[in-house]
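The structure file entry.cif is reproduced below (mmCIF, C-alpha atoms).
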data_upload
#
loop_
_atom_site.label_atom_id
_atom_site.label_comp_id
_atom_site.auth_asym_id
_atom_site.auth_seq_id
_atom_site.Cartn_x
_atom_site.Cartn_y
_atom_site.Cartn_z
CA MET F 17 25.57 17.87 -11.02
CA GLN F 18 21.88 18.70 -10.54
CA GLN F 19 20.95 19.42 -6.94
CA GLY F 20 18.17 17.44 -5.32
CA PHE F 21 14.66 18.88 -5.54
CA LEU F 22 11.00 18.07 -5.05
CA TYR F 23 8.54 18.64 -7.87
CA GLN F 24 4.81 18.00 -7.62
CA SER F 25 2.69 18.84 -10.64
CA ALA F 26 -0.54 20.70 -10.02
CA PRO F 27 -3.70 19.12 -11.46
CA ALA F 28 -5.29 21.42 -14.01
CA ARG F 29 -7.38 21.14 -17.16
CA VAL F 30 -6.49 23.88 -19.63
CA ARG F 31 -8.22 24.56 -22.95
CA PHE F 32 -6.20 27.09 -24.94
CA GLY F 33 -6.72 28.74 -28.31
CA ALA F 34 -8.63 31.29 -30.33
CA GLY F 35 -12.33 30.44 -30.20
CA ALA F 36 -11.93 28.15 -27.18
CA LEU F 37 -15.01 29.69 -25.54
CA ARG F 38 -17.16 27.59 -27.83
CA HIS F 39 -16.28 24.63 -25.59
CA VAL F 40 -17.62 26.24 -22.39
CA GLU F 41 -20.61 23.91 -22.08
CA ALA F 42 -18.38 20.88 -22.53
CA GLU F 43 -15.98 22.16 -19.88
CA ILE F 44 -18.79 22.67 -17.37
CA ALA F 45 -19.95 19.11 -18.00
CA ALA F 46 -16.38 17.74 -17.83
CA MET F 47 -16.00 18.92 -14.24
CA GLY F 48 -19.33 17.41 -13.28
CA GLY F 49 -21.41 20.57 -13.39
CA SER F 50 -24.84 21.26 -14.84
CA ARG F 51 -25.80 24.72 -13.49
CA ALA F 52 -23.07 27.34 -13.15
CA LEU F 53 -23.26 30.57 -11.17
CA ILE F 54 -21.48 33.09 -13.41
CA LEU F 55 -19.25 35.60 -11.63
CA SER F 56 -17.91 38.92 -12.94
CA THR F 57 -17.05 42.45 -11.93
CA PRO F 58 -19.62 45.20 -12.56
CA PHE F 59 -17.47 46.28 -15.52
CA GLN F 60 -17.91 42.88 -17.20
CA GLN F 61 -21.55 42.29 -16.29
CA ALA F 62 -22.74 42.68 -19.89
CA ASP F 63 -20.34 39.94 -20.98
CA ALA F 64 -21.50 37.74 -18.11
CA ASP F 65 -25.15 38.30 -19.03
CA ARG F 66 -24.45 37.36 -22.65
CA LEU F 67 -22.72 34.19 -21.52
CA ALA F 68 -25.66 33.34 -19.26
CA THR F 69 -28.05 33.78 -22.18
CA ARG F 70 -25.92 31.51 -24.31
CA LEU F 71 -25.76 28.82 -21.60
CA GLY F 72 -29.50 28.88 -21.05
CA PRO F 73 -30.51 26.31 -18.41
CA MET F 74 -26.82 25.65 -17.65
CA ALA F 75 -26.63 29.16 -16.12
CA ALA F 76 -27.92 29.40 -12.55
CA GLY F 77 -27.57 33.17 -12.51
CA VAL F 78 -25.07 36.03 -12.60
CA PHE F 79 -23.31 37.66 -9.65
CA ALA F 80 -21.50 40.78 -10.94
CA GLU F 81 -20.15 42.30 -7.73
CA ALA F 82 -16.59 40.91 -7.65
CA ARG F 83 -14.12 43.42 -6.22
CA MET F 84 -10.39 43.75 -5.77
CA HIS F 85 -8.82 41.95 -2.82
CA THR F 86 -11.91 39.76 -2.29
CA PRO F 87 -13.72 41.52 0.59
CA LEU F 88 -15.49 39.08 2.90
CA ASP F 89 -18.83 40.90 2.70
CA VAL F 90 -18.94 40.42 -1.08
CA THR F 91 -18.18 36.73 -0.67
CA ALA F 92 -21.04 36.38 1.82
CA ARG F 93 -23.53 37.81 -0.69
CA ALA F 94 -22.24 35.57 -3.46
CA LEU F 95 -22.50 32.49 -1.26
CA GLN F 96 -26.12 33.32 -0.50
CA LEU F 97 -26.96 33.63 -4.20
CA TYR F 98 -25.14 30.38 -4.93
CA ALA F 99 -27.23 28.58 -2.32
CA ASN F 100 -30.50 30.13 -3.48
CA SER F 101 -29.94 29.64 -7.22
CA GLY F 102 -29.51 25.89 -7.26
CA ALA F 103 -26.03 26.21 -8.73
CA ASP F 104 -23.69 23.23 -8.56
CA CYS F 105 -20.53 24.90 -9.90
CA ILE F 106 -18.90 28.28 -10.55
CA LEU F 107 -17.93 29.98 -13.79
CA ALA F 108 -15.63 32.94 -13.18
CA LEU F 109 -15.44 35.25 -16.21
CA GLY F 110 -12.67 37.82 -15.88
CA GLY F 111 -9.41 38.48 -14.09
CA GLY F 112 -7.99 38.34 -10.59
CA SER F 113 -10.90 39.95 -8.74
CA THR F 114 -13.50 37.60 -10.21
CA ILE F 115 -11.26 34.55 -9.93
CA GLY F 116 -10.59 35.42 -6.29
CA LEU F 117 -14.31 35.53 -5.56
CA GLY F 118 -14.79 32.12 -7.17
CA LYS F 119 -11.99 30.71 -5.03
CA ALA F 120 -13.49 32.24 -1.89
CA ILE F 121 -16.82 30.55 -2.60
CA ALA F 122 -15.18 27.21 -3.41
CA TRP F 123 -13.06 27.36 -0.25
CA ARG F 124 -16.27 27.45 1.76
CA ASN F 125 -18.54 25.06 -0.15
CA ASP F 126 -16.10 23.04 -2.30
CA ALA F 127 -17.86 24.01 -5.54
CA ALA F 128 -16.12 23.07 -8.79
CA GLN F 129 -14.68 26.08 -10.64
CA LEU F 130 -14.27 26.86 -14.32
CA VAL F 131 -12.40 30.08 -15.14
CA VAL F 132 -12.72 31.91 -18.44
CA ALA F 133 -9.63 34.12 -18.17
CA THR F 134 -9.84 37.57 -19.77
CA THR F 135 -6.69 39.14 -18.27
CA TYR F 136 -3.15 37.98 -17.59
CA ALA F 137 -3.61 37.58 -13.82
CA GLY F 138 -2.45 33.96 -13.64
CA SER F 139 -4.31 33.32 -10.38
CA GLU F 140 -6.66 30.93 -12.19
CA VAL F 141 -4.03 28.17 -11.94
CA THR F 142 -2.99 28.72 -8.32
CA ASP F 143 -4.15 27.35 -4.99
CA ILE F 144 -3.81 30.80 -3.39
CA LEU F 145 -6.65 32.88 -1.98
CA GLY F 146 -6.23 36.39 -0.58
CA GLU F 147 -9.18 37.91 1.29
CA THR F 148 -9.60 41.31 2.92
CA GLU F 149 -11.38 42.38 6.08
CA ASN F 150 -10.95 45.68 7.94
CA GLY F 151 -7.99 46.70 5.80
CA VAL F 152 -6.00 43.51 6.38
CA LYS F 153 -5.40 41.01 3.58
CA THR F 154 -4.98 37.39 4.65
CA THR F 155 -3.59 34.77 2.30
CA ARG F 156 -4.04 31.01 2.44
CA ARG F 157 -3.12 28.06 0.25
CA ASP F 158 -5.06 24.83 -0.13
CA PRO F 159 -5.55 22.39 -3.04
CA ARG F 160 -9.33 22.93 -2.79
CA ILE F 161 -8.83 26.58 -3.80
CA ARG F 162 -7.38 25.80 -7.23
CA PRO F 163 -9.95 25.92 -10.08
CA GLU F 164 -10.59 22.63 -11.82
CA ALA F 165 -10.47 23.99 -15.37
CA VAL F 166 -9.47 27.10 -17.32
CA ILE F 167 -10.39 28.37 -20.78
CA TYR F 168 -7.85 30.68 -22.41
CA ASP F 169 -9.30 32.30 -25.52
CA PRO F 170 -7.15 35.14 -26.91
CA GLU F 171 -10.19 36.55 -28.72
CA LEU F 172 -11.71 37.43 -25.34
CA THR F 173 -8.71 39.64 -24.49
CA LEU F 174 -8.86 41.80 -27.64
CA GLY F 175 -10.99 44.34 -25.79
CA LEU F 176 -8.77 44.42 -22.72
CA PRO F 177 -7.55 48.03 -22.50
CA VAL F 178 -3.87 48.48 -23.25
CA ALA F 179 -3.12 49.95 -19.82
CA MET F 180 -4.75 46.99 -18.09
CA SER F 181 -3.00 44.57 -20.45
CA VAL F 182 0.37 46.04 -19.53
CA ALA F 183 -0.23 46.09 -15.77
CA SER F 184 -1.73 42.61 -15.81
CA GLY F 185 1.18 41.25 -17.83
CA LEU F 186 3.75 42.74 -15.46
CA ASN F 187 1.77 41.29 -12.56
CA ALA F 188 2.10 37.85 -14.18
CA MET F 189 5.82 38.41 -14.71
CA ALA F 190 6.18 39.04 -10.97
CA HIS F 191 4.86 35.55 -10.25
CA ALA F 192 7.59 33.99 -12.36
CA VAL F 193 10.39 36.14 -10.96
CA GLU F 194 9.53 35.19 -7.39
CA GLY F 195 9.24 31.56 -8.44
CA LEU F 196 12.86 31.57 -9.57
CA TYR F 197 14.21 32.26 -6.07
CA ALA F 198 11.48 30.52 -4.07
CA THR F 199 12.68 28.31 -1.23
CA ASP F 200 11.08 25.33 -2.99
CA ALA F 201 12.04 26.26 -6.56
CA ASN F 202 12.86 23.38 -8.88
CA PRO F 203 14.20 23.00 -12.45
CA VAL F 204 10.75 22.43 -13.98
CA THR F 205 9.09 25.54 -12.57
CA SER F 206 12.23 27.59 -13.25
CA LEU F 207 12.09 26.63 -16.95
CA MET F 208 8.42 27.61 -17.01
CA ALA F 209 9.22 30.89 -15.28
CA VAL F 210 11.86 31.99 -17.79
CA GLU F 211 9.67 30.94 -20.72
CA GLY F 212 6.72 32.86 -19.25
CA ILE F 213 8.79 36.00 -18.71
CA ALA F 214 10.15 35.78 -22.28
CA ALA F 215 6.65 35.37 -23.74
CA LEU F 216 5.38 38.45 -21.92
CA GLN F 217 8.49 40.43 -22.82
CA ARG F 218 7.68 39.73 -26.49
CA ALA F 219 3.93 40.14 -26.26
CA LEU F 220 3.42 43.34 -24.27
CA PRO F 221 5.24 45.72 -26.65
CA ALA F 222 3.35 44.16 -29.57
CA ILE F 223 0.02 44.69 -27.79
CA VAL F 224 0.90 48.33 -27.13
CA ARG F 225 1.68 48.77 -30.84
CA ASP F 226 -1.49 46.98 -31.97
CA PRO F 227 -4.09 45.96 -29.36
CA ALA F 228 -5.82 43.82 -32.01
CA ASP F 229 -2.73 41.65 -32.62
CA LEU F 230 -4.27 38.24 -31.92
CA ALA F 231 -0.91 36.45 -31.99
CA ALA F 232 0.48 38.80 -29.35
CA ARG F 233 -2.66 38.38 -27.25
CA GLY F 234 -2.18 34.63 -27.43
CA ASP F 235 1.49 34.95 -26.49
CA ALA F 236 0.55 37.05 -23.46
CA LEU F 237 -2.05 34.50 -22.32
CA TYR F 238 0.48 31.71 -22.80
CA GLY F 239 3.03 33.61 -20.71
CA SER F 240 0.52 34.40 -17.99
CA TRP F 241 -0.52 30.75 -17.78
CA LEU F 242 3.09 29.67 -17.30
CA CYS F 243 3.77 32.41 -14.74
CA GLY F 244 0.60 31.59 -12.83
CA THR F 245 1.46 27.90 -12.82
CA VAL F 246 4.82 28.76 -11.28
CA LEU F 247 3.13 30.81 -8.58
CA GLY F 248 0.75 27.95 -7.89
CA SER F 249 3.62 25.47 -7.53
CA VAL F 250 6.13 27.22 -5.26
CA ALA F 251 6.28 29.68 -2.37
CA MET F 252 6.00 33.48 -2.55
CA ALA F 253 8.52 35.96 -1.15
CA LEU F 254 8.93 39.66 -0.33
CA HIS F 255 7.35 41.03 -3.50
CA HIS F 256 4.00 39.36 -2.89
CA LYS F 257 4.09 40.15 0.82
CA LEU F 258 4.51 43.85 -0.01
CA CYS F 259 1.75 43.81 -2.61
CA HIS F 260 -0.64 42.09 -0.20
CA SER F 261 0.26 44.56 2.55
CA LEU F 262 -0.24 47.59 0.28
CA GLY F 263 -3.41 46.25 -1.28
CA GLY F 264 -5.04 45.29 1.98
CA ALA F 265 -4.11 48.44 3.89
CA LEU F 266 -4.65 51.04 1.15
CA ASP F 267 -7.05 49.28 -1.26
CA LEU F 268 -4.69 49.79 -4.21
CA PRO F 269 -5.30 48.31 -7.67
CA HIS F 270 -3.71 44.88 -7.63
CA ALA F 271 -2.01 44.65 -11.03
CA GLU F 272 -0.70 48.23 -10.98
CA THR F 273 0.80 47.72 -7.53
CA HIS F 274 2.65 44.61 -8.75
CA ALA F 275 3.86 46.47 -11.84
CA ILE F 276 5.30 49.35 -9.81
CA LEU F 277 6.98 47.23 -7.13
CA LEU F 278 8.49 44.52 -9.36
CA PRO F 279 11.67 46.34 -10.51
CA HIS F 280 12.40 47.35 -6.91
CA THR F 281 11.84 43.95 -5.31
CA VAL F 282 13.95 42.34 -8.06
CA ALA F 283 16.77 44.80 -7.39
CA PHE F 284 16.43 44.17 -3.64
CA ASN F 285 17.02 40.44 -4.19
CA ALA F 286 19.37 40.65 -7.18
CA GLN F 287 22.60 39.97 -5.31
CA ALA F 288 21.28 37.35 -2.91
CA ALA F 289 19.50 35.46 -5.72
CA GLN F 290 22.02 36.12 -8.48
CA GLY F 291 22.30 32.50 -9.60
CA ALA F 292 18.58 31.83 -9.58
CA LEU F 293 17.85 35.00 -11.56
CA ARG F 294 20.67 34.68 -14.12
CA ALA F 295 18.62 33.21 -16.99
CA ALA F 296 15.87 35.80 -16.57
CA ALA F 297 18.40 38.61 -16.27
CA THR F 298 19.95 37.54 -19.58
CA LEU F 299 16.64 38.36 -21.27
CA PHE F 300 17.12 41.96 -20.13
CA GLY F 301 20.79 42.41 -20.90
CA GLY F 302 21.99 41.20 -17.51
CA ASN F 303 20.17 43.74 -15.33
CA LEU F 304 16.79 42.29 -14.41
CA GLY F 305 15.53 45.05 -12.12
CA GLY F 306 16.63 47.88 -14.38
CA GLY F 307 15.50 46.00 -17.49
CA ILE F 308 11.99 45.41 -16.16
CA TYR F 309 11.80 49.07 -15.12
CA ASP F 310 12.81 50.18 -18.63
CA LEU F 311 10.32 47.79 -20.22
CA ALA F 312 7.51 49.01 -17.97
CA GLN F 313 8.36 52.64 -18.69
CA SER F 314 8.42 52.01 -22.46
CA LEU F 315 4.97 50.43 -22.21
CA GLY F 316 3.47 53.38 -20.36
CA ALA F 317 2.95 51.39 -17.17
CA PRO F 318 2.45 53.16 -13.83
CA MET F 319 5.88 53.73 -12.31
CA ALA F 320 5.32 55.26 -8.86
CA LEU F 321 3.14 54.45 -5.86
CA LYS F 322 2.48 58.16 -5.40
CA ASP F 323 0.65 58.13 -8.73
CA LEU F 324 -1.81 55.63 -7.22
CA GLY F 325 -2.62 58.11 -4.47
CA VAL F 326 -0.28 56.66 -1.84
CA ALA F 327 0.98 59.26 0.61
CA GLU F 328 4.60 59.05 1.68
CA GLY F 329 3.39 58.90 5.27
CA ASP F 330 1.50 55.66 4.54
CA LEU F 331 4.69 53.73 3.88
CA ALA F 332 5.77 53.30 7.49
CA GLN F 333 2.56 51.41 8.27
CA VAL F 334 3.04 49.18 5.23
CA ALA F 335 6.64 48.46 6.20
CA ASP F 336 5.43 47.39 9.64
CA LEU F 337 2.87 45.04 8.07
CA ALA F 338 5.43 43.61 5.65
CA VAL F 339 7.92 42.57 8.37
CA LYS F 340 5.17 41.06 10.50
CA ASN F 341 5.12 37.33 9.72
CA PRO F 342 7.41 37.84 6.67
CA TYR F 343 7.60 35.38 3.80
CA ALA F 344 10.92 33.62 3.24
CA ASN F 345 13.12 35.78 1.00
CA PRO F 346 16.66 35.53 -0.46
CA ALA F 347 17.84 38.89 0.96
CA GLU F 348 17.40 39.71 4.62
CA VAL F 349 14.14 41.54 5.30
CA THR F 350 14.40 44.38 7.81
CA ARG F 351 12.02 47.22 8.41
CA ASP F 352 14.56 49.86 7.35
CA ALA F 353 15.41 48.00 4.14
CA VAL F 354 11.74 47.49 3.28
CA LEU F 355 10.95 51.14 3.96
CA ALA F 356 13.81 52.22 1.67
CA LEU F 357 12.45 49.92 -1.06
CA LEU F 358 8.96 51.35 -0.63
CA LEU F 359 10.25 54.92 -0.76
CA ALA F 360 12.01 54.20 -4.06
CA ALA F 361 8.83 52.64 -5.45
CA TRP F 362 6.79 55.57 -4.14
CA ALA F 363 9.03 58.05 -5.98
CA GLY F 364 9.30 55.85 -9.09
CA THR F 365 13.07 56.08 -9.40
CA ARG F 366 14.96 53.55 -11.48
CA PRO F 367 16.44 50.87 -9.18
CA VAL F 368 20.20 50.70 -8.90
#
Hey, can you dump this file as structure tokens for me?
Amino acid sequence: MQQGFLYQSAPARVRFGAGALRHVEAEIAAMGGSRALILSTPFQQADADRLATRLGPMAAGVFAEARMHTPLDVTARALQLYANSGADCILALGGGSTIGLGKAIAWRNDAAQLVVATTYAGSEVTDILGETENGVKTTRRDPRIRPEAVIYDPELTLGLPVAMSVASGLNAMAHAVEGLYATDANPVTSLMAVEGIAALQRALPAIVRDPADLAARGDALYGSWLCGTVLGSVAMALHHKLCHSLGGALDLPHAETHAILLPHTVAFNAQAAQGALRAAATLFGGNLGGGIYDLAQSLGAPMALKDLGVAEGDLAQVADLAVKNPYANPAEVTRDAVLALLLAAWAGTRPV
């Protein structure tokens, strides 16, 4: 018999498909906007400028200073430009860093947000905002944080470097894995989680073989949307707490940190969450932690925290942060256990 559960669907408007960017003006209008401030990272400024030129009077300007972990000083500068430009909505072009900045602005002024997703971050469909100040990353959830609309156009991801595609895809997979054993997991989000993991498991090897494989790019975006929707619907656990602690304290690249930690956090929870993880584990021959590690290794993903410049001596501080106000987690979270997990991830050994 099915156990009782609570499911609340998250409001979201999603336009998906090759060439979907051609509807960007219509999507701005659909959410009640007329002048969008376009956000990007410095790396994607040229793309943002081209989009602004295309939008003409519907573009209020471009702010191309988005950074990882959403530093508060960057948000302050973006808010000032938003106020001065006469913008009435936000268009975030990019991945997690840019989307995070858009959320930070909207959290403060309630601006409507349209995301044009160009990575597999998944944060575009969540109500989660993580911001950093003085080396500490603080996370909050609120319905106002969730973007109103998202455009997924696989053609925009064809230029996403293979290494970033892999790390971003594994990051998305982490959202789904944690959703399976969340305290408020339900049958609907669990189905989405397994489907999202399966789509990324298919897509990422195909992208490594041929980065121009449009079908694989579409499959990866589809998977990331599902995984992000799961993350936006249920609670996070130890994996995300560790990634936030590492990212905030050591300013590590977000997607790569998720990719490295995922096999180890899965193995940490494998026994305690055996039932919840069974369907996902089946996709990897029954061993989810080891299977994700092998997949990541075959894709050329980063495998060890030490390769990101983390010193072994940094891990004690991160373990302290991780057990301070811990997220609910299937397996008991102790400082010694977390430190052992971090040491394994630091060395890059295959989880047992």
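Restricting the calculation to all atoms listed in the file, the smallest distance between F:Ala108 and any of F:Met74, F:Ala120, F:His255, F:Ile54 is found for F:Ile54.
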(message) I'd like the contact shell of F:Ala289 - 9 Å cut-off, only C-alpha atoms, skipping same-chain residues fewer than 6 positions apart - returned as a VMD selection string.
(response) chain F and resid 196 to 197 346 to 347
(request) Choose the residue, out of F:Val246, F:Ala353, F:Ala292, F:Val131, that has the smallest atom-to-atom separation from F:Met208; count only C-alpha atoms. (result) F:Val246
(message) Quick one: residues within 9 Å of F:Asp158, only C-alpha atoms, excluding same-chain residues fewer than 4 positions away - as an NGL selection string?
(response) :F and (123 or 143-145 or 162)
(message) List as an MDAnalysis selection string the residues having at least one atom at most 10 Å from position (6.0, 50.6, -22.3) as given in the file, counting only C-alpha atoms.
(response) chainID F and resid 179 182 220:221 224:225 309:318
Could the residues in this selection be written to a file with C-alpha atoms, as a short mmCIF file (atom, residue, chain, number, x, y, z; two decimals), keeping the file's coordinate frame?
data_model
loop_
_atom_site.label_atom_id
_atom_site.label_comp_id
_atom_site.auth_asym_id
_atom_site.auth_seq_id
_atom_site.Cartn_x
_atom_site.Cartn_y
_atom_site.Cartn_z
CA ALA F 179 -3.12 49.95 -19.82
CA VAL F 182 0.37 46.04 -19.53
CA LEU F 220 3.42 43.34 -24.27
CA PRO F 221 5.24 45.72 -26.65
CA VAL F 224 0.90 48.33 -27.13
CA ARG F 225 1.68 48.77 -30.84
CA TYR F 309 11.80 49.07 -15.12
CA ASP F 310 12.81 50.18 -18.63
CA LEU F 311 10.32 47.79 -20.22
CA ALA F 312 7.51 49.01 -17.97
CA GLN F 313 8.36 52.64 -18.69
CA SER F 314 8.42 52.01 -22.46
CA LEU F 315 4.97 50.43 -22.21
CA GLY F 316 3.47 53.38 -20.36
CA ALA F 317 2.95 51.39 -17.17
CA PRO F 318 2.45 53.16 -13.83
#
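Considering all atoms listed in the file, the residue among F:Ser184, F:Asn345, F:Thr114, F:Ser139 positioned nearest to F:Ser56 is F:Thr114.
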(message) Applying the PyMOL selection byres ((chain F and resi 336) around 10) to the file I just gave you, which residues come out? Please list them as a PyMOL selection string.
(response) chain F and resi 261+331-335+337-340+350-352+354-355
Evaluate the PyMOL selection byres ((chain F and resi 285) around 10) on the structure here and hand back the selected residues as an mmCIF file with C-alpha atoms, in the coordinates of the input.
data_model
loop_
_atom_site.group_PDB
_atom_site.id
_atom_site.type_symbol
_atom_site.label_atom_id
_atom_site.label_comp_id
_atom_site.auth_asym_id
_atom_site.auth_seq_id
_atom_site.Cartn_x
_atom_site.Cartn_y
_atom_site.Cartn_z
ATOM 1 C CA GLU F 194 9.530 35.190 -7.390
ATOM 2 C CA TYR F 197 14.210 32.260 -6.070
ATOM 3 C CA LEU F 254 8.930 39.660 -0.330
ATOM 4 C CA HIS F 255 7.350 41.030 -3.500
ATOM 5 C CA HIS F 280 12.400 47.350 -6.910
ATOM 6 C CA THR F 281 11.840 43.950 -5.310
ATOM 7 C CA VAL F 282 13.950 42.340 -8.060
ATOM 8 C CA ALA F 283 16.770 44.800 -7.390
ATOM 9 C CA PHE F 284 16.430 44.170 -3.640
ATOM 10 C CA ALA F 286 19.370 40.650 -7.180
ATOM 11 C CA GLN F 287 22.600 39.970 -5.310
ATOM 12 C CA ALA F 288 21.280 37.350 -2.910
ATOM 13 C CA ALA F 289 19.500 35.460 -5.720
ATOM 14 C CA GLN F 290 22.020 36.120 -8.480
ATOM 15 C CA LEU F 293 17.850 35.000 -11.560
ATOM 16 C CA GLY F 305 15.530 45.050 -12.120
ATOM 17 C CA ASN F 345 13.120 35.780 1.000
ATOM 18 C CA PRO F 346 16.660 35.530 -0.460
ATOM 19 C CA ALA F 347 17.840 38.890 0.960
ATOM 20 C CA GLU F 348 17.400 39.710 4.620
ATOM 21 C CA VAL F 349 14.140 41.540 5.300
#
(request) Check the smallest atom-to-atom distance from each of F:Thr134, F:Thr86, F:Gln129, F:Gln19 to F:Gly48 using all atoms listed in the file, then report the winner. (result) F:Gln129
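Pairwise distance (atom CA of F:Ala231, atom CA of F:Glu171) equals 9.8 Å.
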How would you write, as a JSON list (two decimals) with C-alpha atoms, keeping the file's coordinate frame, the residues chosen by the PyMOL selection byres ((chain F and resi 128) around 8) on this structure?
[["chain", "number", "residue", "atom", "x", "y", "z"],
["F", 47, "MET", "CA", -16.00, 18.92, -14.24],
["F", 48, "GLY", "CA", -19.33, 17.41, -13.28],
["F", 49, "GLY", "CA", -21.41, 20.57, -13.39],
["F", 104, "ASP", "CA", -23.69, 23.23, -8.56],
["F", 105, "CYS", "CA", -20.53, 24.90, -9.90],
["F", 106, "ILE", "CA", -18.90, 28.28, -10.55],
["F", 122, "ALA", "CA", -15.18, 27.21, -3.41],
["F", 126, "ASP", "CA", -16.10, 23.04, -2.30],
["F", 127, "ALA", "CA", -17.86, 24.01, -5.54],
["F", 129, "GLN", "CA", -14.68, 26.08, -10.64],
["F", 130, "LEU", "CA", -14.27, 26.86, -14.32],
["F", 163, "PRO", "CA", -9.95, 25.92, -10.08],
["F", 164, "GLU", "CA", -10.59, 22.63, -11.82]]
(request) Choose the residue, out of F:Arg294, F:Arg366, F:Lys257, F:Arg51, that has the smallest atom-to-atom separation from F:Tyr343; count all atoms listed in the file. (result) F:Lys257
Since fewer atoms than expected are present, regenerate N, CA and C atoms for stretch 154-169 of chain F and write them as a tab-separated table (two decimals), in the frame of the given file.
chain	number	residue	atom	x	y	z
F	154	THR	N	-5.48	38.67	4.17
F	154	THR	CA	-4.98	37.39	4.65
F	154	THR	C	-4.91	36.42	3.49
F	155	THR	N	-3.81	35.70	3.40
F	155	THR	CA	-3.59	34.77	2.30
F	155	THR	C	-3.51	33.34	2.82
F	156	ARG	N	-4.13	32.43	2.10
F	156	ARG	CA	-4.04	31.01	2.44
F	156	ARG	C	-3.84	30.19	1.17
F	157	ARG	N	-3.31	28.99	1.36
F	157	ARG	CA	-3.12	28.06	0.25
F	157	ARG	C	-3.75	26.73	0.62
F	158	ASP	N	-4.44	26.13	-0.36
F	158	ASP	CA	-5.06	24.83	-0.13
F	158	ASP	C	-5.42	24.26	-1.51
F	159	PRO	N	-5.22	22.97	-1.73
F	159	PRO	CA	-5.55	22.39	-3.04
F	159	PRO	C	-7.01	22.61	-3.44
F	160	ARG	N	-7.92	22.73	-2.47
F	160	ARG	CA	-9.33	22.93	-2.79
F	160	ARG	C	-9.59	24.29	-3.44
F	161	ILE	N	-8.66	25.22	-3.28
F	161	ILE	CA	-8.83	26.58	-3.80
F	161	ILE	C	-8.58	26.64	-5.30
F	162	ARG	N	-7.77	25.74	-5.81
F	162	ARG	CA	-7.38	25.80	-7.23
F	162	ARG	C	-8.55	25.44	-8.14
F	163	PRO	N	-8.88	26.28	-9.13
F	163	PRO	CA	-9.95	25.92	-10.08
F	163	PRO	C	-9.66	24.63	-10.82
F	164	GLU	N	-10.73	23.92	-11.14
F	164	GLU	CA	-10.59	22.63	-11.82
F	164	GLU	C	-10.23	22.79	-13.29
F	165	ALA	N	-10.69	23.85	-13.93
F	165	ALA	CA	-10.47	23.99	-15.37
F	165	ALA	C	-10.39	25.47	-15.75
F	166	VAL	N	-9.66	25.73	-16.83
F	166	VAL	CA	-9.47	27.10	-17.32
F	166	VAL	C	-9.62	27.11	-18.84
F	167	ILE	N	-10.34	28.10	-19.34
F	167	ILE	CA	-10.39	28.37	-20.78
F	167	ILE	C	-9.60	29.63	-21.05
F	168	TYR	N	-8.61	29.52	-21.95
F	168	TYR	CA	-7.85	30.68	-22.41
F	168	TYR	C	-8.19	30.90	-23.88
F	169	ASP	N	-8.93	31.96	-24.15
F	169	ASP	CA	-9.30	32.30	-25.52
F	169	ASP	C	-8.78	33.70	-25.82
